[in-house]
Number of protein chains: 2
Amino acid sequence: MTWINGQFQAPLPVSDRGLAYGDGIFETLACINQKLHLWSRHWQRLQQGAKQLALEVPEQQTLLNWIEQALAEKNNPSLAVVKIIITRGSGGRGYKSPEQPQSRTIITIHPWPEHNDNDYQQGISALVCRTCLALQPSLAGIKHLNRLEQVLAAQELSANNCREGLMLECTFAENDKPAKKIVTEGISSNLFFVSRGQLFTPEIIYSGVSGTIRSELLERAKALGIPLATGRYEMQEVLNADEVFFTNSIFGILPVSKIIYQQGQKSRLYQQRDISMQLAKSLNPELQRPCQFITL
Amino acid sequence: MTWINGQFQAPLPVSDRGLAYGDGIFETLACINQKLHLWSRHWQRLQQGAKQLALEVPEQQTLLNWIEQALAEKNNPSLAVVKIIITRGSGGRGYKSPEQPQSRTIITIHPWPEHNDNDYQQGISALVCRTCLALQPSLAGIKHLNRLEQVLAAQELSANNCREGLMLECTFAENDKPAKKIVTEGISSNLFFVSRGQLFTPEIIYSGVSGTIRSELLERAKALGIPLATGRYEMQEVLNADEVFFTNSIFGILPVSKIIYQQGQKSRLYQQRDISMQLAKSLNPELQRPCQFITL
């Protein structure tokens with residue numbers, strides 16, 4: 001069931017620039033007991049995206065009203081995924097926006113995905129993907145609709161029986177010096193790793209999405225007194241780490257038990273869960289999620 | 001008027017992955033006297049795009065039938081723009097494609113844009129854009145739906161009263177050495193320049209779209225005995241050139257009279273038209289276009 005600018009089952013014109021050019025942004029939120037989890041962080045990122053793309057977004061209260069009516073039409077499920085897409089609306093042929101673009105807000109409500117308790121208890125396998133992330137500071141951080149890199153990377157997972165993939169920056173060898181393999185994030189998540197008690201997460205400056213759970217955990221780690229650093233890290237540092245986990249707004253914190261690298265030829269196992277458990281417990285109380293030792 | 005998989009005014013589901021992720025490809029063709037200009041080159045690029053994205057595309061004859069019926073519904077205009085979008089079709093939330101994706105082909109017919117004879121006779125002004133092209137070999141060459149870079153670059157044109165923009169590769173200074181400014185293409189076109197009688201065009205390997213007119217001209221230049229090179233060229237080489245022109249499938253060959261660079265602070269004028277005229281005349285006879293000394 002689709003709501004466009006607050007209208008139920010409104011048709012989507014094929015002239016929409018979201019379709020033509022990916023000219024827009026989106027958010028995927030958890031709705032738990034009729035509460036939008038980390039709404040203010042999602043709203044903040046929407047505004048940041050709108051600013052970077054010079055895109056008009058609705059007023060916050062208008063958007064919340066539209067989400068509320070979409071949830072009500074679904075009888076206010078206790079757990080649901082809310083997806084918001086805001087595009088620049090319809091525009092002629094050509095990259096140039098119309099003079100007065102009328103942005104279009106599309107809201108869909110999706111069932112809560114089945115969470116596999118094992119994934120949280122045992123951890124998941126992750127593949128170091130061949131598909132790389134191009135360096136584009138103008139688009140880094142925001143959740144825009146140009147996601148072909150993620151689509152291509154996700155195609156690599158099935159053959160390796162992995163739930164998530166690690167994405168490296170695109171690099172090009174110069175002067176016969178092999179390029180550094182810098183890791184940025186998961187395909188649909190942010191990456192954290194722990195080495196000798198310190199928590200690390202790649203900075204999101206040249207590529208990647210600045211995740212809402214990532215931002216939340218950066219604050220919580222600080223409050224919990226967990227030493228934390230952000231920066232540009234090589235893949236080898238993750239392979240040398242004691243503990244690795246992914247975060248996103250729907251699965252929360254997902255520990256990694258295995259990383260498969262060198263085109264599926266090698267793998268590294270991880271057993272430590274100390275920091276991810278500590279952070280998950282910090283998120284848990286307010287969330288009252290059914291999953292064992294998880295986050296949202 | 002929209003045709004989706006050969007059905008007239010079929011609705012576009014918001015679950016389409018073209019909207020969600022830009023998961024698809026497109027083509028924009030000139031239709032002149034009921035003939036699709038350079039069809040085989042457009043079809044070839046569609047197939048290349050489908051291969052790079054692992055996307056199903058319809059059979060060539062099916063696609064041609066769909067275009068034919070869309071044109072017939074418009075009473076077969078003597079000049080029209082045909083736009084084809086092929087997406088991976090509907091898919092759930094998440095970057096991973098459905099097991100059996102059903103691709104969706106959207107065909108729209110647009111009026112032929114008003115061509116300004118002056119643009120062809122006097123040449124156009126072009127801006128060197130601040131928005132750069134990220135280096136992504138997995139997506140270079142094909143005409144995919146992830147076009148935010150072009151949308152952002154096009155936003156820069158109005159303030160500088162330019163019709164087209166030049167896009168450079170994204171580069172990052174290393175070891176305090178300023179990065180080279182490598183030029184790739186126009187926002188919606190390919191770039192050619194002439195220096196001392198030799199024709200140059202940037203190679204399309206790390207970014208950019210491999211244009212159909214570009215491919216056609218590479219062959220024609222060879223046949224006409226015009227010395228030609230492709231490679232990675234610095235912006236300065238274009239600023240030092242004798243003649244500069246853009247090519248795309250709708251405006252054909254458009255000469256450049258002025259390039260504005262250094263954030264609008266400097267400009268260079270161009271008067272020479274020798275090679276672009278020669279190439280335009282080579283394209284012209286078969287096309288019988290009304291515009292003075294132009295291509296298609």
# chains A, B, ... in the order shown; residues from 1 in each chain; ligands from 1

call {"tool": "interface_residues", "arguments": {"of": "chain B", "to": "chain A", "cutoff": "6 Å", "atoms": "only C-alpha atoms", "output": "CSV table (one decimal) with C-alpha atoms, in the first residue's frame"}}
result
chain,number,residue,atom,x,y,z
B,12,LEU,CA,4.3,2.1,-12.5
B,18,GLY,CA,14.4,1.7,-10.8
B,19,LEU,CA,12.9,4.1,-8.3
B,21,TYR,CA,17.9,2.2,-6.3
B,22,GLY,CA,18.2,3.4,-9.9
B,23,ASP,CA,18.5,-0.3,-10.7
B,95,TYR,CA,19.5,-4.4,-2.4
B,96,LYS,CA,19.4,-8.1,-3.3
B,134,ALA,CA,33.5,9.4,-9.3
B,135,LEU,CA,35.7,6.6,-10.7
B,136,GLN,CA,33.7,3.5,-10.9
B,145,LEU,CA,19.9,5.2,-13.9
B,146,ASN,CA,22.3,6.5,-11.2
B,147,ARG,CA,22.6,10.1,-12.5
B,148,LEU,CA,22.8,12.3,-9.4
B,151,VAL,CA,21.8,16.3,-11.8
B,154,ALA,CA,23.4,20.6,-14.2

call {"tool": "closest_atom_pairs", "arguments": {"of": "segment 31-135 of chain B", "to": "segment 208-218 of chain B", "cutoff": "10 Å", "atoms": "only C-alpha atoms", "output": "Markdown table"}}
result
| residue | atom | partner | partner_atom | distance |
| --- | --- | --- | --- | --- |
| B:His37 | CA | B:Thr212 | CA | 9.7 |
| B:Leu38 | CA | B:Thr212 | CA | 7.2 |
| B:Trp39 | CA | B:Thr212 | CA | 9.1 |
| B:Ser40 | CA | B:Thr212 | CA | 9.2 |
| B:Arg41 | CA | B:Thr212 | CA | 5.7 |
| B:His42 | CA | B:Thr212 | CA | 6.4 |
| B:Trp43 | CA | B:Thr212 | CA | 9.8 |
| B:Gln44 | CA | B:Thr212 | CA | 9.3 |
| B:Arg45 | CA | B:Ser210 | CA | 8.0 |
| B:Leu133 | CA | B:Gly208 | CA | 7.5 |
| B:Ala134 | CA | B:Gly208 | CA | 9.2 |
| B:Leu135 | CA | B:Gly208 | CA | 8.9 |

call {"tool": "select_by_dssp", "arguments": {"residues": "segment 40-100 of chain B", "states": "alpha helix (DSSP H)", "output": "JSON, numbers by chain"}}
result
{"B": [40, 41, 42, 43, 44, 45, 46, 47, 48, 49, 50, 51, 52, 53, 60, 61, 62, 63, 64, 65, 66, 67, 68, 69, 70, 71, 72, 73]}

call {"tool": "atom_distance", "arguments": {"atom1": "atom CA of Ile204 of chain B", "atom2": "atom CA of Lys143 of chain A"}}
result
27.1 Å

call {"tool": "closest_residue", "arguments": {"among": "B:Val57, B:Ile67, B:Val128, B:Cys31", "to": "Gln263 of chain B", "atoms": "only C-alpha atoms"}}
result
B:Val128

call {"tool": "residues_around", "arguments": {"residues": "Ala229 of chain B", "least_positions_apart": "6", "cutoff": "10 Å", "atoms": "only C-alpha atoms", "output": "PyMOL selection string"}}
result
chain B and resi 198-203+218

call {"tool": "atom_distance", "arguments": {"atom1": "atom CA of Asn5 of chain B", "atom2": "atom CA of Ile109 of chain A"}}
result
26.8 Å

call {"tool": "residues_around", "arguments": {"residues": "Tyr270 of chain B", "least_positions_apart": "4", "cutoff": "8 Å", "atoms": "only C-alpha atoms", "output": "list in words"}}
result
Asp242, Glu243, Val244, Val256, Ser257 and Lys258 of chain B

call {"tool": "select_by_dssp", "arguments": {"residues": "segment 23-167 of chain A", "states": "strand (DSSP E)", "output": "ChimeraX atom specification"}}
result
/A:24-32,35-36,79-87,104-111,124-128,164-167

call {"tool": "write_last_selection", "arguments": {"atoms": "N, CA and C atoms", "output": "mmCIF file, in the first residue's frame"}}
result
data_model
loop_
_atom_site.group_PDB
_atom_site.id
_atom_site.type_symbol
_atom_site.label_atom_id
_atom_site.label_comp_id
_atom_site.auth_asym_id
_atom_site.auth_seq_id
_atom_site.Cartn_x
_atom_site.Cartn_y
_atom_site.Cartn_z
ATOM 1 N N GLY A 24 16.772 11.714 -5.655
ATOM 2 C CA GLY A 24 16.027 11.773 -4.404
ATOM 3 C C GLY A 24 16.761 11.062 -3.286
ATOM 4 N N ILE A 25 16.102 10.964 -2.152
ATOM 5 C CA ILE A 25 16.685 10.358 -0.955
ATOM 6 C C ILE A 25 15.681 9.408 -0.331
ATOM 7 N N PHE A 26 16.153 8.549 0.573
ATOM 8 C CA PHE A 26 15.205 7.683 1.264
ATOM 9 C C PHE A 26 15.662 7.410 2.686
ATOM 10 N N GLU A 27 14.740 6.868 3.460
ATOM 11 C CA GLU A 27 15.011 6.444 4.834
ATOM 12 C C GLU A 27 14.254 5.146 5.081
ATOM 13 N N THR A 28 14.835 4.273 5.863
ATOM 14 C CA THR A 28 14.169 3.045 6.271
ATOM 15 C C THR A 28 14.201 3.019 7.789
ATOM 16 N N LEU A 29 13.029 3.036 8.402
ATOM 17 C CA LEU A 29 12.955 3.152 9.860
ATOM 18 C C LEU A 29 12.262 1.946 10.481
ATOM 19 N N ALA A 30 12.662 1.657 11.700
ATOM 20 C CA ALA A 30 11.933 0.666 12.492
ATOM 21 C C ALA A 30 10.816 1.386 13.234
ATOM 22 N N CYS A 31 9.624 0.784 13.176
ATOM 23 C CA CYS A 31 8.529 1.303 13.988
ATOM 24 C C CYS A 31 8.212 0.247 15.039
ATOM 25 N N ILE A 32 8.454 0.575 16.305
ATOM 26 C CA ILE A 32 8.321 -0.390 17.388
ATOM 27 C C ILE A 32 7.294 0.145 18.377
ATOM 28 N N LYS A 35 6.152 3.546 17.743
ATOM 29 C CA LYS A 35 7.121 4.638 17.905
ATOM 30 C C LYS A 35 8.186 4.498 16.832
ATOM 31 N N LEU A 36 8.500 5.592 16.151
ATOM 32 C CA LEU A 36 9.548 5.555 15.125
ATOM 33 C C LEU A 36 10.896 5.615 15.828
ATOM 34 N N LEU A 79 5.262 -4.004 15.222
ATOM 35 C CA LEU A 79 6.596 -3.955 14.603
ATOM 36 C C LEU A 79 6.409 -3.775 13.101
ATOM 37 N N ALA A 80 7.052 -2.786 12.535
ATOM 38 C CA ALA A 80 6.935 -2.586 11.082
ATOM 39 C C ALA A 80 8.147 -1.821 10.576
ATOM 40 N N VAL A 81 8.370 -1.929 9.298
ATOM 41 C CA VAL A 81 9.413 -1.135 8.647
ATOM 42 C C VAL A 81 8.718 -0.029 7.857
ATOM 43 N N VAL A 82 9.124 1.199 8.103
ATOM 44 C CA VAL A 82 8.567 2.341 7.389
ATOM 45 C C VAL A 82 9.613 2.816 6.389
ATOM 46 N N LYS A 83 9.227 2.888 5.126
ATOM 47 C CA LYS A 83 10.161 3.404 4.129
ATOM 48 C C LYS A 83 9.639 4.713 3.570
ATOM 49 N N ILE A 84 10.509 5.710 3.566
ATOM 50 C CA ILE A 84 10.172 7.036 3.033
ATOM 51 C C ILE A 84 11.091 7.299 1.843
ATOM 52 N N ILE A 85 10.512 7.636 0.708
ATOM 53 C CA ILE A 85 11.309 8.090 -0.440
ATOM 54 C C ILE A 85 10.861 9.508 -0.757
ATOM 55 N N ILE A 86 11.805 10.413 -0.885
ATOM 56 C CA ILE A 86 11.462 11.773 -1.324
ATOM 57 C C ILE A 86 12.222 12.057 -2.612
ATOM 58 N N THR A 87 11.483 12.274 -3.686
ATOM 59 C CA THR A 87 12.128 12.555 -4.970
ATOM 60 C C THR A 87 11.911 14.016 -5.343
ATOM 61 N N ARG A 104 8.158 14.815 -4.302
ATOM 62 C CA ARG A 104 7.137 13.779 -4.111
ATOM 63 C C ARG A 104 7.590 12.876 -2.968
ATOM 64 N N THR A 105 6.740 12.675 -1.984
ATOM 65 C CA THR A 105 7.071 11.852 -0.827
ATOM 66 C C THR A 105 6.267 10.562 -0.872
ATOM 67 N N ILE A 106 6.979 9.458 -0.941
ATOM 68 C CA ILE A 106 6.336 8.150 -1.082
ATOM 69 C C ILE A 106 6.549 7.382 0.220
ATOM 70 N N ILE A 107 5.471 6.945 0.835
ATOM 71 C CA ILE A 107 5.598 6.201 2.091
ATOM 72 C C ILE A 107 5.016 4.806 1.917
ATOM 73 N N THR A 108 5.799 3.811 2.257
ATOM 74 C CA THR A 108 5.295 2.431 2.227
ATOM 75 C C THR A 108 5.601 1.778 3.572
ATOM 76 N N ILE A 109 4.705 0.892 3.990
ATOM 77 C CA ILE A 109 4.871 0.167 5.254
ATOM 78 C C ILE A 109 5.138 -1.300 4.905
ATOM 79 N N HIS A 110 6.189 -1.848 5.462
ATOM 80 C CA HIS A 110 6.586 -3.222 5.141
ATOM 81 C C HIS A 110 6.560 -4.079 6.403
ATOM 82 N N PRO A 111 6.298 -5.377 6.222
ATOM 83 C CA PRO A 111 6.320 -6.261 7.392
ATOM 84 C C PRO A 111 7.722 -6.312 7.994
ATOM 85 N N ILE A 124 27.196 -13.644 11.926
ATOM 86 C CA ILE A 124 26.960 -13.910 10.493
ATOM 87 C C ILE A 124 28.279 -13.981 9.720
ATOM 88 N N SER A 125 28.182 -14.554 8.506
ATOM 89 C CA SER A 125 29.327 -14.555 7.598
ATOM 90 C C SER A 125 29.235 -13.338 6.688
ATOM 91 N N ALA A 126 30.391 -12.742 6.433
ATOM 92 C CA ALA A 126 30.426 -11.562 5.568
ATOM 93 C C ALA A 126 31.508 -11.739 4.514
ATOM 94 N N LEU A 127 31.199 -11.266 3.322
ATOM 95 C CA LEU A 127 32.127 -11.393 2.190
ATOM 96 C C LEU A 127 32.771 -10.049 1.892
ATOM 97 N N VAL A 128 34.062 -10.038 1.641
ATOM 98 C CA VAL A 128 34.700 -8.826 1.137
ATOM 99 C C VAL A 128 34.399 -8.766 -0.366
ATOM 100 N N GLU A 164 25.927 -10.583 4.616
ATOM 101 C CA GLU A 164 26.316 -9.187 4.407
ATOM 102 C C GLU A 164 27.660 -9.148 3.682
ATOM 103 N N GLY A 165 27.970 -8.015 3.096
ATOM 104 C CA GLY A 165 29.235 -7.853 2.391
ATOM 105 C C GLY A 165 29.979 -6.638 2.899
ATOM 106 N N LEU A 166 31.292 -6.695 2.829
ATOM 107 C CA LEU A 166 32.122 -5.546 3.187
ATOM 108 C C LEU A 166 32.512 -4.836 1.906
ATOM 109 N N MET A 167 32.370 -3.520 1.893
ATOM 110 C CA MET A 167 32.705 -2.768 0.680
ATOM 111 C C MET A 167 33.938 -1.899 0.895
#

call {"tool": "residues_around", "arguments": {"residues": "Gly264 of chain B", "least_positions_apart": "2", "cutoff": "9 Å", "atoms": "only C-alpha atoms", "output": "NGL selection string"}}
result
:B and (127-128 or 160 or 260-262 or 266-267)

call {"tool": "closest_residue", "arguments": {"among": "B:Gly123, B:Leu269, B:Met277, B:Ile226", "to": "Leu254 of chain B", "atoms": "only C-alpha atoms"}}
result
B:Gly123

call {"tool": "residues_around", "arguments": {"residues": "segment 179-182 of chain A", "least_positions_apart": "6", "cutoff": "8 Å", "atoms": "only C-alpha atoms", "output": "list of chain:residue names"}}
result
A:Leu168, A:Glu169, A:Thr171, A:Phe172, A:Ala173, A:Arg232, A:Tyr233, A:Glu234, A:Met235, A:Gln236

call {"tool": "write_last_selection", "arguments": {"atoms": "C-alpha atoms", "output": "PDB file, in the first residue's frame"}}
result
ATOM      1  CA  LEU A 168      36.085  -1.246  -0.019  1.00  0.00           C
ATOM      2  CA  GLU A 169      36.865   2.099  -1.605  1.00  0.00           C
ATOM      3  CA  THR A 171      41.302   2.410  -5.723  1.00  0.00           C
ATOM      4  CA  PHE A 172      43.670   2.449  -8.632  1.00  0.00           C
ATOM      5  CA  ALA A 173      47.264   1.327  -8.511  1.00  0.00           C
ATOM      6  CA  ARG A 232      40.313   5.534   7.168  1.00  0.00           C
ATOM      7  CA  TYR A 233      41.160   1.920   7.895  1.00  0.00           C
ATOM      8  CA  GLU A 234      42.667  -0.799   5.777  1.00  0.00           C
ATOM      9  CA  MET A 235      40.843  -4.093   5.362  1.00  0.00           C
ATOM     10  CA  GLN A 236      43.802  -5.818   7.006  1.00  0.00           C
TER      11      GLN A 236
END

call {"tool": "decode", "arguments": {"residues": "segment 246-274 of chain A", "atoms": "N, CA and C atoms", "output": "PDB file, in the first residue's frame"}}
result
ATOM      1  N   PHE A 246      28.203  -5.340  12.408  1.00  0.00           N
ATOM      2  CA  PHE A 246      27.518  -4.411  11.505  1.00  0.00           C
ATOM      3  C   PHE A 246      26.344  -3.777  12.236  1.00  0.00           C
ATOM      4  N   THR A 247      25.955  -2.596  11.761  1.00  0.00           N
ATOM      5  CA  THR A 247      24.779  -1.944  12.340  1.00  0.00           C
ATOM      6  C   THR A 247      23.885  -1.403  11.226  1.00  0.00           C
ATOM      7  N   ASN A 248      22.582  -1.560  11.390  1.00  0.00           N
ATOM      8  CA  ASN A 248      21.648  -0.754  10.585  1.00  0.00           C
ATOM      9  C   ASN A 248      20.331  -0.588  11.335  1.00  0.00           C
ATOM     10  N   SER A 249      19.465   0.218  10.759  1.00  0.00           N
ATOM     11  CA  SER A 249      18.285   0.657  11.513  1.00  0.00           C
ATOM     12  C   SER A 249      17.252  -0.452  11.685  1.00  0.00           C
ATOM     13  N   ILE A 250      17.363  -1.548  10.930  1.00  0.00           N
ATOM     14  CA  ILE A 250      16.387  -2.626  11.066  1.00  0.00           C
ATOM     15  C   ILE A 250      16.949  -3.809  11.843  1.00  0.00           C
ATOM     16  N   PHE A 251      18.166  -4.239  11.519  1.00  0.00           N
ATOM     17  CA  PHE A 251      18.687  -5.383  12.296  1.00  0.00           C
ATOM     18  C   PHE A 251      19.449  -4.945  13.539  1.00  0.00           C
ATOM     19  N   GLY A 252      19.690  -3.681  13.688  1.00  0.00           N
ATOM     20  CA  GLY A 252      20.369  -3.197  14.890  1.00  0.00           C
ATOM     21  C   GLY A 252      21.854  -3.481  14.867  1.00  0.00           C
ATOM     22  N   ILE A 253      22.295  -4.368  15.777  1.00  0.00           N
ATOM     23  CA  ILE A 253      23.715  -4.739  15.847  1.00  0.00           C
ATOM     24  C   ILE A 253      23.827  -6.217  15.534  1.00  0.00           C
ATOM     25  N   LEU A 254      24.610  -6.551  14.528  1.00  0.00           N
ATOM     26  CA  LEU A 254      24.736  -7.938  14.102  1.00  0.00           C
ATOM     27  C   LEU A 254      26.211  -8.338  14.166  1.00  0.00           C
ATOM     28  N   PRO A 255      26.543  -9.287  15.055  1.00  0.00           N
ATOM     29  CA  PRO A 255      27.951  -9.671  15.170  1.00  0.00           C
ATOM     30  C   PRO A 255      28.417 -10.505  13.972  1.00  0.00           C
ATOM     31  N   VAL A 256      29.696 -10.436  13.687  1.00  0.00           N
ATOM     32  CA  VAL A 256      30.292 -11.178  12.572  1.00  0.00           C
ATOM     33  C   VAL A 256      31.089 -12.353  13.135  1.00  0.00           C
ATOM     34  N   SER A 257      30.826 -13.550  12.599  1.00  0.00           N
ATOM     35  CA  SER A 257      31.582 -14.724  13.029  1.00  0.00           C
ATOM     36  C   SER A 257      32.667 -15.087  12.024  1.00  0.00           C
ATOM     37  N   LYS A 258      32.503 -14.625  10.803  1.00  0.00           N
ATOM     38  CA  LYS A 258      33.440 -15.040   9.753  1.00  0.00           C
ATOM     39  C   LYS A 258      33.506 -13.981   8.665  1.00  0.00           C
ATOM     40  N   ILE A 259      34.715 -13.675   8.235  1.00  0.00           N
ATOM     41  CA  ILE A 259      34.882 -12.814   7.055  1.00  0.00           C
ATOM     42  C   ILE A 259      35.591 -13.622   5.980  1.00  0.00           C
ATOM     43  N   ILE A 260      34.978 -13.653   4.812  1.00  0.00           N
ATOM     44  CA  ILE A 260      35.542 -14.369   3.674  1.00  0.00           C
ATOM     45  C   ILE A 260      36.199 -13.346   2.758  1.00  0.00           C
ATOM     46  N   TYR A 261      37.476 -13.563   2.434  1.00  0.00           N
ATOM     47  CA  TYR A 261      38.176 -12.563   1.609  1.00  0.00           C
ATOM     48  C   TYR A 261      39.007 -13.243   0.526  1.00  0.00           C
ATOM     49  N   GLN A 262      39.735 -12.426  -0.211  1.00  0.00           N
ATOM     50  CA  GLN A 262      40.482 -12.909  -1.384  1.00  0.00           C
ATOM     51  C   GLN A 262      39.603 -13.773  -2.298  1.00  0.00           C
ATOM     52  N   GLN A 263      38.524 -13.169  -2.771  1.00  0.00           N
ATOM     53  CA  GLN A 263      37.590 -13.823  -3.703  1.00  0.00           C
ATOM     54  C   GLN A 263      37.151 -15.210  -3.216  1.00  0.00           C
ATOM     55  N   GLY A 264      36.816 -15.257  -1.946  1.00  0.00           N
ATOM     56  CA  GLY A 264      36.282 -16.499  -1.396  1.00  0.00           C
ATOM     57  C   GLY A 264      37.341 -17.530  -1.061  1.00  0.00           C
ATOM     58  N   GLN A 265      38.621 -17.176  -1.229  1.00  0.00           N
ATOM     59  CA  GLN A 265      39.703 -18.150  -1.034  1.00  0.00           C
ATOM     60  C   GLN A 265      40.109 -18.292   0.438  1.00  0.00           C
ATOM     61  N   LYS A 266      39.963 -17.224   1.190  1.00  0.00           N
ATOM     62  CA  LYS A 266      40.432 -17.242   2.570  1.00  0.00           C
ATOM     63  C   LYS A 266      39.326 -16.782   3.502  1.00  0.00           C
ATOM     64  N   SER A 267      39.450 -17.181   4.764  1.00  0.00           N
ATOM     65  CA  SER A 267      38.477 -16.669   5.729  1.00  0.00           C
ATOM     66  C   SER A 267      39.111 -16.510   7.101  1.00  0.00           C
ATOM     67  N   ARG A 268      38.499 -15.674   7.895  1.00  0.00           N
ATOM     68  CA  ARG A 268      38.952 -15.424   9.267  1.00  0.00           C
ATOM     69  C   ARG A 268      37.728 -15.569  10.170  1.00  0.00           C
ATOM     70  N   LEU A 269      37.893 -16.260  11.306  1.00  0.00           N
ATOM     71  CA  LEU A 269      36.780 -16.439  12.252  1.00  0.00           C
ATOM     72  C   LEU A 269      36.912 -15.469  13.421  1.00  0.00           C
ATOM     73  N   TYR A 270      35.787 -15.071  13.973  1.00  0.00           N
ATOM     74  CA  TYR A 270      35.757 -14.159  15.122  1.00  0.00           C
ATOM     75  C   TYR A 270      34.853 -14.757  16.190  1.00  0.00           C
ATOM     76  N   GLN A 271      35.311 -14.695  17.428  1.00  0.00           N
ATOM     77  CA  GLN A 271      34.482 -15.222  18.509  1.00  0.00           C
ATOM     78  C   GLN A 271      34.070 -14.158  19.518  1.00  0.00           C
ATOM     79  N   GLN A 272      34.886 -13.120  19.639  1.00  0.00           N
ATOM     80  CA  GLN A 272      34.616 -12.128  20.671  1.00  0.00           C
ATOM     81  C   GLN A 272      33.348 -11.330  20.392  1.00  0.00           C
ATOM     82  N   ARG A 273      32.550 -11.081  21.463  1.00  0.00           N
ATOM     83  CA  ARG A 273      31.304 -10.315  21.313  1.00  0.00           C
ATOM     84  C   ARG A 273      31.189  -9.227  22.385  1.00  0.00           C
ATOM     85  N   ASP A 274      32.265  -8.982  23.132  1.00  0.00           N
ATOM     86  CA  ASP A 274      32.179  -8.143  24.334  1.00  0.00           C
ATOM     87  C   ASP A 274      31.553  -6.770  24.078  1.00  0.00           C
TER      88      ASP A 274
END
